[in-house]
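The structure appears below as C-alpha cells.
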Amino acid sequence: MDDRTHHMLTSPAAPLLVRMATPNALAFAIQSSVSLAEVWIIGQLGTGALASIALAFPLLMLIQTMSGGAAGGAVTSAIARALGAGDRERAQQLIWHALALSALGAGLFLVLFSLFGRPLIAFLGGRGEILEQAVDYCSVIFLGGLFLWLVSVVGAIFRGMGDMKLPAVLMVASAFLQVPLTAILVLGLFGLPQLGIVGAAYSAVISGFVVSVIMLVVLVREGRVIRLDRKYLSFSKALFRDIFKVALPASMSPIFTIFIILSLTAMVATFGEAALAGYGIGSRIEFLLIPLVFGIGAAMTSLVGLSIGSGNVDRAEHIGWIGSAFAAGLTGVVGLVLALFPSAWIYAFTKDQVTFEAARSYIQIVGPFFAFQGLGLSLYFASQGAGAMRWPVIAIFARVVLAVGGGWLLAFGLDLGLKGVFIGAAAAMATFGLIIAISLKLGAWRRV
C-alpha cells in the first residue's frame, strides 16, 4: 500500500477530513460564484433573459450533477475502494472505464436532448423568444457536453486517489476564465457580437475543454499513485459493474432533483414571467449549495471508500457524521443569512419588484431548511463511498412526492398560491436529510 493511502486510513479522521475538504470547499465556493455572476450578467439583458435561463438552468444542472455527483462519485468510490484494498492494478484499469463512462454519458444526453429538449422546455412554460433562447443555450451545452463530463469524471479520478488539490486549483482557474468570458460573449464587449444567454453556454464549454485537457495531460504523467497508462487499456464487465452499482442508484438523486425543479418551474410559470424569473434566482441559490457541499462530500466519498475497502466500517461512519455535521452547519448558516437579508442580494440580480417579491418569498420559506439539504447531500456522497445507495434513493423519492405532490396540493388545492409551492419544497428538503441520517444511525453501511 502506498504512503498516501496508508496515511488516509490511519490519520485522525476529523483533521484529515478538514484538510482534504478545505481545498475542495474553497474551490467549489469560488466555482459557485460563476453561476451567480452568470445570473448577474444575464440580468443586464432584462427579465425575459432571466426567465429563459431559469428554464435552461435545470438541464445544465442535470449534466453537472449526473457527471459530478452520480458518475463522478461512483468513480471516486470505486478507485478509493480498490486502493483501500491494496489493488493498484484494478484502480488503474478503472481509469479507462471512467473515461468510457464520460463519452457514453455525454452521447446519451445529447441524443435525449435532441429528441425531447424543445418539447420539455415548452412544457415548462417556454414561449416565443424565451423558448428559443433557452433551447439555443441548451443546444450548445449538450453539443459540448463531453468536456463538461470529462471535467467531473477526471476530477473524480484524482479524488479517488486522495488528490483533492489539483482538481481544486483547476476549478479556481476555470472560474477566473469563465466569468470574464461569459461577460464578453453575453454582452458583446470589446466589439464582439452580443450572443445573449447563448454566450454563457459557449463560455462553459470552452472552460470545460481547457480544464479537461490539462487534467488528462497531468493524469498521463508519472509520479502519482495511479495514472492513465495504455497497458491497462482493457474493459471488463466486472469493473463496469463496480462503477455502475453505485452510479445507477446514485443517478436517481440528480434525476429526481431535476424532476423536482422542472415540476416546480412548471407550477411557478403559471403565476407569470416575473414569478418564474424570481424563482429562477432563488432556485439557483439552492443549487449553488450542491457544489459547495460537494466540496466536502468529495472528500467524504474518498475517505469512506478507503475505509470500507479496508474493512473499517466504524471509521467510515465516524467520517460520515463529522462531514455531514460540517455540511449542515455551513448550508444552514448560508440559508439563514440569505433569508434574513434578502434585499442585500436579490436587488443585485433584478430591479423588478414583482420578481424581487417572488425571489424573497422563496428564500425566506426554503432558506431556513438549507441545513437539511447539506445534511442529506453530504451523506448521499458519503453513501456512494460506502456503496450503500438504497436509503439515499428512498430519501430522494420521498422528497419528490412531498415537493411535487405537496407543493401542488398546497398551491392549487388549498389556494396558498406561490407560497404553497415553496412550503412543499421546504418540507421535502427536511424529509430528505432526515431519512438518510436516520438510516446511517441504524447501520445502513453495515449491511452492504
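For the C-alpha cells, the naming scheme is as follows: chains receive sequential letters (A, B, ...) according to their order of presentation, residues are indexed from 1 within each chain, and ligands are indexed from 1 in presentation order.
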
For Val153 in chain A, please output as a compact mmCIF listing (two decimals) with all heavy atoms, in the first residue's frame all residues within 12 Å (counting only C-alpha atoms; exclusion window: fewer than 3 positions along the same chain).
# COMPACT_ATOMS: atom_id res chain seq x y z
N ILE A 63 -26.70 17.83 -16.18
CA ILE A 63 -25.39 17.38 -16.67
C ILE A 63 -24.36 17.42 -15.54
O ILE A 63 -23.60 16.47 -15.31
CB ILE A 63 -24.91 18.24 -17.85
CG1 ILE A 63 -25.73 17.95 -19.09
CG2 ILE A 63 -23.43 17.97 -18.14
CD1 ILE A 63 -25.28 18.71 -20.31
N GLN A 64 -24.32 18.53 -14.82
CA GLN A 64 -23.30 18.71 -13.79
C GLN A 64 -23.48 17.74 -12.63
O GLN A 64 -22.50 17.20 -12.11
CB GLN A 64 -23.31 20.16 -13.30
CG GLN A 64 -22.87 21.15 -14.37
CD GLN A 64 -22.92 22.59 -13.89
OE1 GLN A 64 -23.66 22.94 -12.98
NE2 GLN A 64 -22.13 23.45 -14.52
N THR A 65 -24.72 17.52 -12.22
CA THR A 65 -24.94 16.62 -11.09
C THR A 65 -24.81 15.14 -11.49
O THR A 65 -24.35 14.32 -10.69
CB THR A 65 -26.32 16.86 -10.45
OG1 THR A 65 -27.34 16.80 -11.47
CG2 THR A 65 -26.38 18.21 -9.77
N MET A 66 -25.20 14.81 -12.72
CA MET A 66 -25.04 13.43 -13.18
C MET A 66 -23.56 13.09 -13.38
O MET A 66 -23.10 12.01 -12.99
CB MET A 66 -25.81 13.20 -14.48
CG MET A 66 -27.31 13.07 -14.30
SD MET A 66 -27.78 11.53 -13.49
CE MET A 66 -27.54 10.36 -14.81
N SER A 67 -22.82 14.00 -13.99
CA SER A 67 -21.40 13.74 -14.26
C SER A 67 -20.56 13.85 -12.99
O SER A 67 -19.63 13.06 -12.78
CB SER A 67 -20.88 14.70 -15.33
OG SER A 67 -20.96 16.04 -14.89
N GLY A 68 -20.87 14.83 -12.13
CA GLY A 68 -20.08 15.03 -10.93
C GLY A 68 -20.57 14.25 -9.74
O GLY A 68 -19.80 13.60 -9.03
N GLY A 69 -21.89 14.28 -9.50
CA GLY A 69 -22.43 13.64 -8.32
C GLY A 69 -22.63 12.15 -8.47
O GLY A 69 -22.17 11.36 -7.63
N ALA A 70 -23.27 11.71 -9.56
CA ALA A 70 -23.56 10.28 -9.75
C ALA A 70 -22.37 9.54 -10.33
O ALA A 70 -21.77 8.69 -9.67
CB ALA A 70 -24.79 10.12 -10.64
N ALA A 71 -21.99 9.87 -11.57
CA ALA A 71 -20.88 9.17 -12.21
C ALA A 71 -19.55 9.47 -11.50
O ALA A 71 -18.77 8.56 -11.22
CB ALA A 71 -20.79 9.58 -13.68
N GLY A 72 -19.31 10.75 -11.22
CA GLY A 72 -18.06 11.12 -10.56
C GLY A 72 -17.91 10.50 -9.19
O GLY A 72 -16.85 9.98 -8.82
N GLY A 73 -18.99 10.53 -8.42
CA GLY A 73 -18.94 9.92 -7.09
C GLY A 73 -18.70 8.43 -7.16
O GLY A 73 -17.97 7.85 -6.35
N ALA A 74 -19.31 7.76 -8.16
CA ALA A 74 -19.12 6.32 -8.32
C ALA A 74 -17.68 6.00 -8.71
O ALA A 74 -17.10 5.00 -8.24
CB ALA A 74 -20.08 5.79 -9.39
N VAL A 75 -17.08 6.83 -9.56
CA VAL A 75 -15.69 6.63 -9.96
C VAL A 75 -14.76 6.82 -8.76
O VAL A 75 -13.85 6.01 -8.52
CB VAL A 75 -15.32 7.60 -11.11
CG1 VAL A 75 -13.81 7.63 -11.33
CG2 VAL A 75 -16.03 7.19 -12.38
N THR A 76 -14.97 7.90 -8.00
CA THR A 76 -14.17 8.12 -6.80
C THR A 76 -14.29 6.94 -5.84
O THR A 76 -13.29 6.46 -5.29
CB THR A 76 -14.61 9.41 -6.08
OG1 THR A 76 -14.36 10.54 -6.93
CG2 THR A 76 -13.86 9.60 -4.76
N SER A 77 -15.52 6.48 -5.64
CA SER A 77 -15.77 5.36 -4.73
C SER A 77 -15.05 4.10 -5.19
O SER A 77 -14.38 3.41 -4.40
CB SER A 77 -17.27 5.10 -4.63
OG SER A 77 -17.54 3.92 -3.90
N ILE A 79 -12.44 3.68 -7.24
CA ILE A 79 -10.98 3.79 -7.17
C ILE A 79 -10.51 3.79 -5.72
O ILE A 79 -9.52 3.13 -5.37
CB ILE A 79 -10.51 5.05 -7.91
CG1 ILE A 79 -10.72 4.87 -9.43
CG2 ILE A 79 -9.04 5.35 -7.61
CD1 ILE A 79 -10.37 6.08 -10.26
N LEU A 94 -9.61 0.99 -13.77
CA LEU A 94 -10.85 1.75 -13.59
C LEU A 94 -10.79 3.12 -14.25
O LEU A 94 -11.83 3.69 -14.62
CB LEU A 94 -11.14 1.90 -12.10
CG LEU A 94 -11.75 0.67 -11.41
CD1 LEU A 94 -11.66 0.80 -9.89
CD2 LEU A 94 -13.20 0.48 -11.84
N ILE A 95 -9.58 3.67 -14.43
CA ILE A 95 -9.45 4.98 -15.09
C ILE A 95 -10.03 4.91 -16.50
O ILE A 95 -10.81 5.79 -16.91
CB ILE A 95 -7.98 5.42 -15.14
CG1 ILE A 95 -7.45 5.70 -13.74
CG2 ILE A 95 -7.84 6.67 -16.02
CD1 ILE A 95 -5.98 6.07 -13.71
N TRP A 96 -9.69 3.89 -17.26
CA TRP A 96 -10.19 3.76 -18.63
C TRP A 96 -11.71 3.56 -18.65
O TRP A 96 -12.40 4.07 -19.53
CB TRP A 96 -9.49 2.60 -19.34
CG TRP A 96 -8.06 2.90 -19.64
CD1 TRP A 96 -6.96 2.43 -18.99
CD2 TRP A 96 -7.57 3.76 -20.68
NE1 TRP A 96 -5.81 2.95 -19.54
CE2 TRP A 96 -6.15 3.77 -20.59
CE3 TRP A 96 -8.18 4.52 -21.67
CZ2 TRP A 96 -5.35 4.50 -21.46
CZ3 TRP A 96 -7.38 5.26 -22.55
CH2 TRP A 96 -5.99 5.24 -22.44
N HIS A 97 -12.20 2.81 -17.69
CA HIS A 97 -13.65 2.62 -17.60
C HIS A 97 -14.36 3.94 -17.30
O HIS A 97 -15.46 4.20 -17.80
CB HIS A 97 -13.99 1.58 -16.52
CG HIS A 97 -13.56 0.19 -16.88
ND1 HIS A 97 -12.24 -0.19 -16.91
CD2 HIS A 97 -14.28 -0.91 -17.24
CE1 HIS A 97 -12.16 -1.46 -17.26
NE2 HIS A 97 -13.38 -1.93 -17.47
N ALA A 98 -13.73 4.77 -16.48
CA ALA A 98 -14.30 6.08 -16.15
C ALA A 98 -14.36 6.98 -17.37
O ALA A 98 -15.36 7.69 -17.60
CB ALA A 98 -13.49 6.74 -15.04
N LEU A 99 -13.30 6.98 -18.18
CA LEU A 99 -13.29 7.80 -19.40
C LEU A 99 -14.35 7.32 -20.39
O LEU A 99 -15.01 8.14 -21.05
CB LEU A 99 -11.91 7.77 -20.04
CG LEU A 99 -10.77 8.38 -19.20
CD1 LEU A 99 -9.44 8.28 -19.95
CD2 LEU A 99 -11.07 9.82 -18.84
N ALA A 100 -14.51 6.01 -20.49
CA ALA A 100 -15.56 5.47 -21.36
C ALA A 100 -16.94 5.90 -20.87
O ALA A 100 -17.83 6.21 -21.68
CB ALA A 100 -15.46 3.95 -21.41
N LEU A 101 -17.11 5.94 -19.56
CA LEU A 101 -18.38 6.38 -18.99
C LEU A 101 -18.67 7.84 -19.34
O LEU A 101 -19.83 8.20 -19.61
CB LEU A 101 -18.34 6.21 -17.46
CG LEU A 101 -19.56 6.68 -16.67
CD1 LEU A 101 -20.80 5.92 -17.09
CD2 LEU A 101 -19.31 6.51 -15.17
N SER A 102 -17.64 8.67 -19.39
CA SER A 102 -17.81 10.08 -19.77
C SER A 102 -18.36 10.20 -21.19
O SER A 102 -19.30 10.96 -21.45
CB SER A 102 -16.48 10.83 -19.68
OG SER A 102 -16.00 10.87 -18.37
N ALA A 103 -17.74 9.46 -22.11
CA ALA A 103 -18.19 9.51 -23.50
C ALA A 103 -19.62 8.98 -23.65
O ALA A 103 -20.44 9.56 -24.37
CB ALA A 103 -17.24 8.71 -24.38
N LEU A 104 -19.91 7.90 -22.95
CA LEU A 104 -21.25 7.32 -23.00
C LEU A 104 -22.29 8.29 -22.45
O LEU A 104 -23.36 8.49 -23.06
CB LEU A 104 -21.28 6.02 -22.20
CG LEU A 104 -22.64 5.30 -22.11
CD1 LEU A 104 -23.10 4.85 -23.48
CD2 LEU A 104 -22.54 4.11 -21.16
N GLY A 105 -22.00 8.91 -21.31
CA GLY A 105 -22.93 9.85 -20.69
C GLY A 105 -23.18 11.06 -21.57
O GLY A 105 -24.35 11.47 -21.75
N ALA A 106 -22.12 11.64 -22.12
CA ALA A 106 -22.28 12.84 -22.97
C ALA A 106 -23.09 12.51 -24.22
O ALA A 106 -23.97 13.29 -24.63
CB ALA A 106 -20.91 13.38 -23.35
N LEU A 146 -19.36 16.62 -23.70
CA LEU A 146 -18.24 15.73 -23.38
C LEU A 146 -17.22 16.40 -22.48
O LEU A 146 -16.70 15.79 -21.55
CB LEU A 146 -17.56 15.25 -24.67
CG LEU A 146 -16.30 14.39 -24.47
CD1 LEU A 146 -16.64 13.11 -23.72
CD2 LEU A 146 -15.64 14.07 -25.82
N PHE A 147 -16.95 17.68 -22.73
CA PHE A 147 -15.95 18.39 -21.93
C PHE A 147 -16.45 18.63 -20.50
O PHE A 147 -15.66 18.59 -19.55
CB PHE A 147 -15.57 19.70 -22.60
CG PHE A 147 -15.08 19.52 -24.01
CD1 PHE A 147 -15.73 20.12 -25.07
CD2 PHE A 147 -13.99 18.71 -24.28
CE1 PHE A 147 -15.29 19.94 -26.38
CE2 PHE A 147 -13.54 18.52 -25.59
CZ PHE A 147 -14.19 19.14 -26.64
N LEU A 148 -17.74 18.87 -20.35
CA LEU A 148 -18.29 19.03 -19.01
C LEU A 148 -18.24 17.71 -18.25
O LEU A 148 -17.94 17.67 -17.04
CB LEU A 148 -19.74 19.53 -19.09
CG LEU A 148 -19.94 20.85 -19.86
CD1 LEU A 148 -21.41 21.25 -19.82
CD2 LEU A 148 -19.08 21.95 -19.30
N TRP A 149 -18.51 16.59 -18.93
CA TRP A 149 -18.41 15.28 -18.31
C TRP A 149 -16.96 14.96 -17.93
O TRP A 149 -16.68 14.42 -16.85
CB TRP A 149 -18.95 14.20 -19.26
CG TRP A 149 -20.43 14.02 -19.14
CD1 TRP A 149 -21.39 14.80 -19.70
CD2 TRP A 149 -21.11 13.00 -18.42
NE1 TRP A 149 -22.64 14.34 -19.38
CE2 TRP A 149 -22.51 13.22 -18.60
CE3 TRP A 149 -20.70 11.92 -17.65
CZ2 TRP A 149 -23.47 12.40 -18.02
CZ3 TRP A 149 -21.66 11.09 -17.08
CH2 TRP A 149 -23.02 11.34 -17.26
N LEU A 150 -16.02 15.27 -18.81
CA LEU A 150 -14.61 14.97 -18.53
C LEU A 150 -14.09 15.75 -17.32
O LEU A 150 -13.34 15.21 -16.51
CB LEU A 150 -13.76 15.27 -19.76
CG LEU A 150 -13.83 14.24 -20.90
CD1 LEU A 150 -13.05 14.74 -22.11
CD2 LEU A 150 -13.29 12.89 -20.45
N ALA A 156 -12.86 13.34 -10.54
CA ALA A 156 -13.21 12.27 -9.62
C ALA A 156 -12.12 11.22 -9.53
O ALA A 156 -11.90 10.61 -8.47
CB ALA A 156 -14.52 11.62 -10.05
N ILE A 157 -11.42 10.98 -10.62
CA ILE A 157 -10.30 10.03 -10.61
C ILE A 157 -9.22 10.50 -9.64
O ILE A 157 -8.70 9.73 -8.83
CB ILE A 157 -9.73 9.85 -12.03
CG1 ILE A 157 -10.75 9.16 -12.93
CG2 ILE A 157 -8.42 9.06 -11.99
CD1 ILE A 157 -10.37 9.15 -14.40
N PHE A 158 -8.87 11.78 -9.74
CA PHE A 158 -7.87 12.33 -8.82
C PHE A 158 -8.33 12.25 -7.37
O PHE A 158 -7.56 11.91 -6.47
CB PHE A 158 -7.54 13.78 -9.19
CG PHE A 158 -6.65 13.92 -10.39
CD1 PHE A 158 -7.17 14.27 -11.63
CD2 PHE A 158 -5.29 13.69 -10.29
CE1 PHE A 158 -6.36 14.39 -12.74
CE2 PHE A 158 -4.45 13.81 -11.39
CZ PHE A 158 -4.99 14.15 -12.63
N ARG A 159 -9.61 12.54 -7.13
CA ARG A 159 -10.12 12.49 -5.77
C ARG A 159 -10.13 11.06 -5.24
O ARG A 159 -9.94 10.83 -4.05
CB ARG A 159 -11.52 13.10 -5.71
CG ARG A 159 -11.54 14.59 -6.03
CD ARG A 159 -12.92 15.20 -5.86
NE ARG A 159 -12.92 16.57 -6.35
CZ ARG A 159 -13.38 16.95 -7.54
NH1 ARG A 159 -13.91 16.05 -8.36
NH2 ARG A 159 -13.32 18.22 -7.90
N GLY A 160 -10.36 10.08 -6.12
CA GLY A 160 -10.34 8.69 -5.70
C GLY A 160 -9.00 8.26 -5.18
O GLY A 160 -8.91 7.41 -4.28
N PRO A 167 -7.63 19.07 -8.70
CA PRO A 167 -8.94 19.47 -9.22
C PRO A 167 -9.41 20.81 -8.66
O PRO A 167 -10.04 21.59 -9.38
CB PRO A 167 -9.87 18.33 -8.76
CG PRO A 167 -8.98 17.16 -8.53
CD PRO A 167 -7.69 17.74 -8.04
N GLY A 208 -14.65 24.17 -19.91
CA GLY A 208 -14.58 22.73 -19.69
C GLY A 208 -13.54 22.07 -20.56
O GLY A 208 -12.82 21.17 -20.11
N VAL A 211 -9.91 22.92 -19.09
CA VAL A 211 -9.61 22.22 -17.83
C VAL A 211 -9.49 20.72 -18.04
O VAL A 211 -8.58 20.08 -17.49
CB VAL A 211 -10.70 22.53 -16.78
CG1 VAL A 211 -10.52 21.66 -15.54
CG2 VAL A 211 -10.66 24.00 -16.40
N SER A 212 -10.36 20.12 -18.85
CA SER A 212 -10.30 18.67 -19.06
C SER A 212 -9.01 18.26 -19.76
O SER A 212 -8.41 17.23 -19.41
CB SER A 212 -11.52 18.19 -19.84
OG SER A 212 -11.58 18.80 -21.12
N MET A 215 -6.15 18.33 -17.17
CA MET A 215 -6.21 17.21 -16.23
C MET A 215 -5.79 15.90 -16.89
O MET A 215 -5.12 15.07 -16.27
CB MET A 215 -7.62 17.09 -15.63
CG MET A 215 -7.93 18.14 -14.58
SD MET A 215 -9.31 17.70 -13.50
CE MET A 215 -10.67 17.81 -14.66
N LEU A 216 -6.16 15.69 -18.14
CA LEU A 216 -5.77 14.47 -18.83
C LEU A 216 -4.26 14.42 -19.05
O LEU A 216 -3.63 13.35 -18.92
CB LEU A 216 -6.51 14.36 -20.17
CG LEU A 216 -7.98 13.98 -20.08
CD1 LEU A 216 -8.66 14.12 -21.44
CD2 LEU A 216 -8.14 12.55 -19.57
N ILE A 243 -18.51 0.24 -10.98
CA ILE A 243 -18.87 1.65 -11.08
C ILE A 243 -20.39 1.82 -11.10
O ILE A 243 -20.97 2.63 -10.37
CB ILE A 243 -18.25 2.29 -12.34
CG1 ILE A 243 -16.72 2.31 -12.22
CG2 ILE A 243 -18.78 3.71 -12.53
CD1 ILE A 243 -16.01 2.83 -13.46
N ALA A 247 -23.22 4.13 -9.47
CA ALA A 247 -23.66 5.22 -10.35
C ALA A 247 -25.14 5.15 -10.68
O ALA A 247 -25.82 6.18 -10.73
CB ALA A 247 -22.83 5.19 -11.65
N ALA A 298 -16.99 15.23 -1.63
CA ALA A 298 -15.98 14.51 -2.41
C ALA A 298 -14.91 13.92 -1.52
O ALA A 298 -14.45 12.80 -1.73
CB ALA A 298 -15.35 15.47 -3.43

Excluding same-chain residues fewer than 4 positions from Leu288 in chain A, what lies within 12 Å of it counting only C-alpha atoms, as a ChimeraX atom specification? /A:25,28-37,39,57,61,64-65,281-284,292-295,331,334-335,370,373-374

Contacts of Gly162 in chain A at 12 Å or less, counting only C-alpha atoms, minus same-chain residues fewer than 3 places along, as a PyMOL selection string? chain A and resi 2-9+16-17+19-21+24+76-77+79-81+83-84+155-159+165-167+224-226+298-306

Could you please take those selected residues and save C-alpha atoms as a PDB file, in the first residue's frame?
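The result, stored in part-v7.pdb:
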ATOM      1  CA  ASP A   2       1.361   3.454  -0.909  1.00  0.00           C
ATOM      2  CA  ASP A   3       2.129   6.036   1.800  1.00  0.00           C
ATOM      3  CA  ARG A   4      -0.727   8.389   0.814  1.00  0.00           C
ATOM      4  CA  THR A   5      -3.357   5.653   1.124  1.00  0.00           C
ATOM      5  CA  HIS A   6      -1.901   4.428   4.433  1.00  0.00           C
ATOM      6  CA  HIS A   7      -1.972   7.988   5.771  1.00  0.00           C
ATOM      7  CA  MET A   8      -5.637   8.444   4.831  1.00  0.00           C
ATOM      8  CA  LEU A   9      -6.542   5.165   6.534  1.00  0.00           C
ATOM      9  CA  LEU A  16      -7.823  14.702   7.911  1.00  0.00           C
ATOM     10  CA  LEU A  17     -11.323  15.417   6.609  1.00  0.00           C
ATOM     11  CA  ARG A  19      -7.537  19.147   5.331  1.00  0.00           C
ATOM     12  CA  MET A  20      -8.969  17.245   2.392  1.00  0.00           C
ATOM     13  CA  ALA A  21     -12.292  19.077   2.257  1.00  0.00           C
ATOM     14  CA  ASN A  24     -12.491  21.395  -2.401  1.00  0.00           C
ATOM     15  CA  THR A  76     -14.169   8.119  -6.795  1.00  0.00           C
ATOM     16  CA  SER A  77     -15.766   5.356  -4.733  1.00  0.00           C
ATOM     17  CA  ILE A  79     -10.982   3.786  -7.172  1.00  0.00           C
ATOM     18  CA  ALA A  80     -10.844   4.544  -3.436  1.00  0.00           C
ATOM     19  CA  ARG A  81     -12.159   1.096  -2.528  1.00  0.00           C
ATOM     20  CA  LEU A  83      -6.740   1.426  -3.321  1.00  0.00           C
ATOM     21  CA  GLY A  84      -8.072   0.771   0.191  1.00  0.00           C
ATOM     22  CA  GLY A 155     -11.531  15.222 -11.330  1.00  0.00           C
ATOM     23  CA  ALA A 156     -13.213  12.268  -9.616  1.00  0.00           C
ATOM     24  CA  ILE A 157     -10.299  10.026 -10.608  1.00  0.00           C
ATOM     25  CA  PHE A 158      -7.866  12.330  -8.819  1.00  0.00           C
ATOM     26  CA  ARG A 159     -10.122  12.488  -5.767  1.00  0.00           C
ATOM     27  CA  LYS A 165      -5.694  19.879  -4.570  1.00  0.00           C
ATOM     28  CA  LEU A 166      -5.223  19.546  -8.326  1.00  0.00           C
ATOM     29  CA  PRO A 167      -8.943  19.469  -9.220  1.00  0.00           C
ATOM     30  CA  ARG A 224       1.125   9.699  -8.891  1.00  0.00           C
ATOM     31  CA  VAL A 225      -0.456   6.785  -7.079  1.00  0.00           C
ATOM     32  CA  ILE A 226      -2.124   5.701 -10.343  1.00  0.00           C
ATOM     33  CA  ALA A 298     -15.983  14.514  -2.414  1.00  0.00           C
ATOM     34  CA  ALA A 299     -13.530  14.161   0.464  1.00  0.00           C
ATOM     35  CA  MET A 300     -16.099  12.067   2.342  1.00  0.00           C
ATOM     36  CA  THR A 301     -16.593   9.779  -0.685  1.00  0.00           C
ATOM     37  CA  SER A 302     -12.855   9.150  -0.935  1.00  0.00           C
ATOM     38  CA  LEU A 303     -12.236   8.610   2.784  1.00  0.00           C
ATOM     39  CA  VAL A 304     -15.351   6.480   3.332  1.00  0.00           C
ATOM     40  CA  GLY A 305     -14.497   4.392   0.262  1.00  0.00           C
ATOM     41  CA  LEU A 306     -10.970   3.787   1.508  1.00  0.00           C
TER      42      LEU A 306
END

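You can rank A:Trp391, A:Phe142, A:Tyr347, A:Phe422 by their closest distance to Ile365 in chain A using only C-alpha atoms, and at the top of that list sits A:Phe422.
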
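If you measure from each of A:Val186, A:Ala78, A:Ile197, A:Met164 to Asp136 in chain A using only C-alpha atoms, the closest one turns out to be A:Ile197.
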